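Since the structure comes first, as structure tokens, the remarks are kept for the end.
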Amino acid sequence: MEIKPKRVVLTGGHAATPALGTVEEIAKRNKDWQLYWVGPTSAMETSKTATAAEKTLNEYGVTIKKIVAGKALRRGNFITLLKAYVKIPFGFVHAFWQIFKIKPDITVSFGGFAALPVVFATWLLGKPIILQEQIVGAGLANKLSSPFAKKIAVARQESLEFFPKQKTSLIGNPQISQFFQISKKTKIGNPVTIFITGGSSGAQIINATTNRLLETLLSEFVVIHQTGENNLKFFLDRKEDLPQNLKNKYIVVGYVNPKQFVQNFEQADIIVSRAGANTVSDIVASHTPAILIPLSWSIGDEQRKNAQRAQKTGLVKLIDQDDLTAEFLLESIKDIQNNWQTIVNTADTSEYDLDKFASAKLVDLIEGEL
């Protein structure tokens, strides 16, 4: 009798890095599992932008299945909010149809608005569910999903209090292995390289502030700017208008795949970024001084919590979005530049050491339920 390979569904939103870290570990163990990613049709509620997971995971043999998924938005005009909320019940129906067709042996959820209907559909079919929580605290989707989960794996100590103790373990945040292979810089570059990123979709306020500062920054620094695909043309045109000596120091990209992201981290002396949990983990793993500008309206203020925890390492300076100006950002960059050696030498990132083994621990949990 032929033994069918196990079917593993991965799901979530804004979780390409931990999902890819998990897929890497599965491949490392030579598991013949059939892997599926069930995720949203778009990375953003307000525009059709392919998700980072969709762009990345299919390159690793993961079958991508999209679902309509509504999000409980807190901002936007009436039509945008209405469309988002109307899609929520359709998302549950669509998720159930996809899960019914896949018939998974297990679902692993990384949280996010698209994950809850997938988790619920898996539960209806009586299959085990594992949740992975990346943020400091607990995301709304994972909190709502926790009653249906067999196991819950959290990245940070602070998250333990939000989930049932008997099924929750602290494992760290799964990352792709290349981040732990980055050679730590011992001295700042000449010229100094700044990597500015707002995540896979970009960040408008960071882009706007960078735009105002651009010539000033390029007069002294090399700037790698990840704009998000929707903003790429504007900044490519902006680059073309620069004097040649500045143009050569300005590298503009829209979307950055995880391998390129690692290369940008290797080049960077200073990082300017949002404070998503995965980017924060990457910054700490690379031991690179950074300025974090948390999203001011994230549910549960999760980005601020991520940034505040990273700030304790000594690597990170936090700027509230409401306080962000071109002048303040430039002053903060200069402050890090002037104190770079001390920051790198005294930073203590030991509390993030769990991340090195998180992918392996998560796959151990998956194996234990199959």
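Letters for chains follow the order of the structure tokens (A, B, ...), residue numbers begin at 1 for each chain, and ligand numbers begin at 1 in the order shown.
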
Can you build me a table of stretch 302-336 of chain A residues sitting at most 6 Å from stretch 287-297 of chain A, with the closest atom pair per residue and its distance in Å to one decimal, using only C-alpha atoms, sorted by chain and residue number, as CSV?
residue,atom,partner,partner_atom,distance
A:Gln303,CA,A:Pro294,CA,5.0
A:Arg304,CA,A:Pro294,CA,5.3
A:Leu315,CA,A:Pro289,CA,4.7
A:Val316,CA,A:Ala290,CA,4.9
A:Lys317,CA,A:Ile291,CA,4.8
A:Leu318,CA,A:Leu292,CA,5.0
A:Ile319,CA,A:Ile293,CA,5.1
A:Asp320,CA,A:Ile293,CA,5.9
A:Gln321,CA,A:Ile293,CA,5.9

Expected answer as a PyMOL selection string: strand (DSSP E) residues in stretch 23-218 of chain A:
chain A and resi 34-40+63-67+106-109+129-133+151-154+168-170+193-197

Please compute the atom CA of A:Leu125-atom CA of A:Pro174 distance, one decimal, in Å.
27.2 Å

Excluding A:Trp340 and its own-chain neighbours fewer than 2 positions away, which residues fall within 12 Å of it when counting only C-alpha atoms? Please give them as a ChimeraX atom specification.
/A:185-189,192,269-271,287-290,314-317,332-338,342-347

With only C-alpha atoms as the atoms that count, which of A:Ile176, A:Leu140, A:Leu213, A:Ala121 lies nearest to A:Lys101?
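Among the listed residues, the smallest separation from A:Lys101 belongs to A:Ala121.
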
Can you tell me, as a PyMOL selection string, what residues are no more than 8 Å from A:Trp33 when counting only C-alpha atoms, ignoring any on the same chain fewer than 2 positions away?
chain A and resi 5-8+31+35

Residues near A:Gly172, anyone? I mean within 6 Å using only C-alpha atoms, not counting same-chain ones fewer than 3 positions away, as a list in words.
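Returned residues: Ala155, Leu354, Asp355 and Ala358 of chain A.
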
Could you write those residues out with all heavy atoms, as a short mmCIF file (atom, residue, chain, number, x, y, z; two decimals), in the first residue's frame?
data_model
loop_
_atom_site.label_atom_id
_atom_site.label_comp_id
_atom_site.auth_asym_id
_atom_site.auth_seq_id
_atom_site.Cartn_x
_atom_site.Cartn_y
_atom_site.Cartn_z
N ALA A 155 7.60 33.68 20.01
CA ALA A 155 8.98 34.13 19.78
C ALA A 155 9.58 34.80 21.00
O ALA A 155 10.79 34.71 21.23
CB ALA A 155 9.02 35.07 18.58
N LEU A 354 17.61 32.65 20.79
CA LEU A 354 16.65 31.58 20.52
C LEU A 354 16.30 31.49 19.04
O LEU A 354 16.00 30.41 18.53
CB LEU A 354 15.35 31.83 21.31
CG LEU A 354 15.28 31.39 22.77
CD1 LEU A 354 13.97 31.88 23.37
CD2 LEU A 354 15.37 29.88 22.88
N ASP A 355 16.35 32.61 18.35
CA ASP A 355 15.94 32.64 16.95
C ASP A 355 16.76 31.70 16.08
O ASP A 355 16.27 31.19 15.07
CB ASP A 355 16.04 34.07 16.40
CG ASP A 355 15.02 35.02 17.02
OD1 ASP A 355 14.22 34.57 17.86
OD2 ASP A 355 15.04 36.21 16.67
N ALA A 358 14.91 28.43 16.19
CA ALA A 358 13.45 28.47 16.19
C ALA A 358 12.84 27.65 15.06
O ALA A 358 11.83 26.95 15.27
CB ALA A 358 12.97 29.93 16.11
#

Any idea what's packed within 10 Å of A:Lys150, counting only C-alpha atoms, ignoring anything in its chain fewer than 3 positions away? Could you give it as a VMD selection string?
chain A and resid 123 127 to 131 146 to 147 166 to 168 365 369

Save out the residues we just selected, N, CA and C atoms, as a short mmCIF file (atom, residue, chain, number, x, y, z; two decimals), in the first residue's frame.
data_model
loop_
_atom_site.label_atom_id
_atom_site.label_comp_id
_atom_site.auth_asym_id
_atom_site.auth_seq_id
_atom_site.Cartn_x
_atom_site.Cartn_y
_atom_site.Cartn_z
N TRP A 123 -9.81 23.40 11.71
CA TRP A 123 -10.44 22.87 12.94
C TRP A 123 -11.74 22.14 12.62
N LYS A 127 -8.43 18.57 12.07
CA LYS A 127 -6.99 18.40 11.93
C LYS A 127 -6.24 19.33 12.90
N PRO A 128 -5.04 18.94 13.33
CA PRO A 128 -4.30 19.75 14.30
C PRO A 128 -3.81 21.08 13.71
N ILE A 129 -3.66 22.04 14.60
CA ILE A 129 -3.23 23.39 14.23
C ILE A 129 -2.12 23.83 15.16
N ILE A 130 -1.07 24.41 14.60
CA ILE A 130 0.00 25.01 15.38
C ILE A 130 0.05 26.49 15.05
N LEU A 131 0.11 27.33 16.07
CA LEU A 131 0.24 28.77 15.88
C LEU A 131 1.67 29.19 16.18
N SER A 146 -6.32 30.83 19.08
CA SER A 146 -5.72 29.97 20.11
C SER A 146 -6.63 28.87 20.65
N PRO A 147 -7.97 29.08 20.78
CA PRO A 147 -8.80 27.97 21.27
C PRO A 147 -8.81 26.76 20.34
N GLN A 166 -0.48 25.38 29.10
CA GLN A 166 -0.28 23.95 28.87
C GLN A 166 0.04 23.62 27.41
N LYS A 167 -0.24 24.54 26.49
CA LYS A 167 0.05 24.23 25.09
C LYS A 167 0.95 25.28 24.42
N THR A 168 1.59 26.10 25.22
CA THR A 168 2.41 27.18 24.68
C THR A 168 3.87 26.99 25.05
N LEU A 365 7.80 20.56 16.45
CA LEU A 365 6.40 20.57 16.88
C LEU A 365 5.48 20.01 15.78
N GLU A 369 3.04 16.29 15.74
CA GLU A 369 1.58 16.24 15.55
C GLU A 369 1.18 15.46 14.30
#

In terms of only C-alpha atoms, the residue from A:Leu246, A:Gly61, A:Thr349, A:Gly276 at minimal distance from A:Gln311 is A:Thr349

Please give the complete set of residues from stretch 54-154 of chain A that DSSP, run on the backbone, assigns to alpha helix (DSSP H), formatted as a PyMOL selection string.
chain A and resi 54-57+78-102+115-124+140-145

What are the nearest atom pairs, with distances in Å to one decimal, for all residues of stretch 242-304 of chain A that come at most 12 Å from stretch 220-224 of chain A, using only C-alpha atoms, set out by chain and rising residue number as JSON lines?
{"residue": "A:Asn245", "atom": "CA", "partner": "A:Val222", "partner_atom": "CA", "distance": 11.0}
{"residue": "A:Leu246", "atom": "CA", "partner": "A:Val222", "partner_atom": "CA", "distance": 8.7}
{"residue": "A:Lys247", "atom": "CA", "partner": "A:Val222", "partner_atom": "CA", "distance": 9.8}
{"residue": "A:Asn248", "atom": "CA", "partner": "A:Val222", "partner_atom": "CA", "distance": 8.5}
{"residue": "A:Lys249", "atom": "CA", "partner": "A:Val222", "partner_atom": "CA", "distance": 4.8}
{"residue": "A:Tyr250", "atom": "CA", "partner": "A:Val223", "partner_atom": "CA", "distance": 5.1}
{"residue": "A:Ile251", "atom": "CA", "partner": "A:Ile224", "partner_atom": "CA", "distance": 4.7}
{"residue": "A:Val252", "atom": "CA", "partner": "A:Ile224", "partner_atom": "CA", "distance": 6.1}
{"residue": "A:Val253", "atom": "CA", "partner": "A:Ile224", "partner_atom": "CA", "distance": 7.8}
{"residue": "A:Gly254", "atom": "CA", "partner": "A:Ile224", "partner_atom": "CA", "distance": 10.8}
{"residue": "A:Val256", "atom": "CA", "partner": "A:Ile224", "partner_atom": "CA", "distance": 11.1}
{"residue": "A:Gln260", "atom": "CA", "partner": "A:Ile224", "partner_atom": "CA", "distance": 11.6}
{"residue": "A:Phe261", "atom": "CA", "partner": "A:Ile224", "partner_atom": "CA", "distance": 10.8}
{"residue": "A:Gln263", "atom": "CA", "partner": "A:Ile224", "partner_atom": "CA", "distance": 11.0}
{"residue": "A:Asn264", "atom": "CA", "partner": "A:Ile224", "partner_atom": "CA", "distance": 7.5}
{"residue": "A:Phe265", "atom": "CA", "partner": "A:Ile224", "partner_atom": "CA", "distance": 10.0}
{"residue": "A:Glu266", "atom": "CA", "partner": "A:Ile224", "partner_atom": "CA", "distance": 11.7}
{"residue": "A:Gln267", "atom": "CA", "partner": "A:Ile224", "partner_atom": "CA", "distance": 9.0}
{"residue": "A:Ala268", "atom": "CA", "partner": "A:Ile224", "partner_atom": "CA", "distance": 8.2}
{"residue": "A:Asp269", "atom": "CA", "partner": "A:Val222", "partner_atom": "CA", "distance": 9.9}
{"residue": "A:Ile270", "atom": "CA", "partner": "A:Val223", "partner_atom": "CA", "distance": 9.8}
{"residue": "A:Ile271", "atom": "CA", "partner": "A:Ile224", "partner_atom": "CA", "distance": 9.5}
{"residue": "A:Val272", "atom": "CA", "partner": "A:Ile224", "partner_atom": "CA", "distance": 10.2}
{"residue": "A:Ser273", "atom": "CA", "partner": "A:Ile224", "partner_atom": "CA", "distance": 11.9}

Calculated over only C-alpha atoms, which of the candidates A:Val363, A:Ala53, A:Val9, A:Ala326 has the smallest distance to A:Ile205?
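Once distances to A:Ile205 are computed over only C-alpha atoms, the minimum belongs to A:Ala326.
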
Quick one: of A:Gln98, A:Ser109, A:Gln308, A:Asn142, who's nearest to A:Lys65, counting only C-alpha atoms?
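Looking only at the distances to A:Lys65, the closest residue turns out to be A:Gln98.
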
Write out as a list in words the residues lying within 9 Å of A:Val62, counting only C-alpha atoms and excluding same-chain residues fewer than 3 positions away.
Val23, Gln34, Leu35, Tyr36, Trp37, Leu57, Asn58 and Glu59 of chain A

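If you look at atom CA of A:Val136 and atom CA of A:Glu302, they are 6.7 Å away from each other.
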
Top pick for closest residue to A:Val154, considering A:Gly111, A:Gly21, A:Gly126, A:Gly13 and counting only C-alpha atoms
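The answer is A:Gly111, which sits nearest to A:Val154.
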
Here is a test: counting only C-alpha atoms, which residue of A:Phe163, A:Tyr352, A:Phe179, A:Phe328 is nearest to A:Lys312?
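Result for the nearest residue to A:Lys312: A:Tyr352.
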
So how many Å separate atom CA of A:Ser145 and atom CA of A:Phe120, to one decimal?
7.5 Å
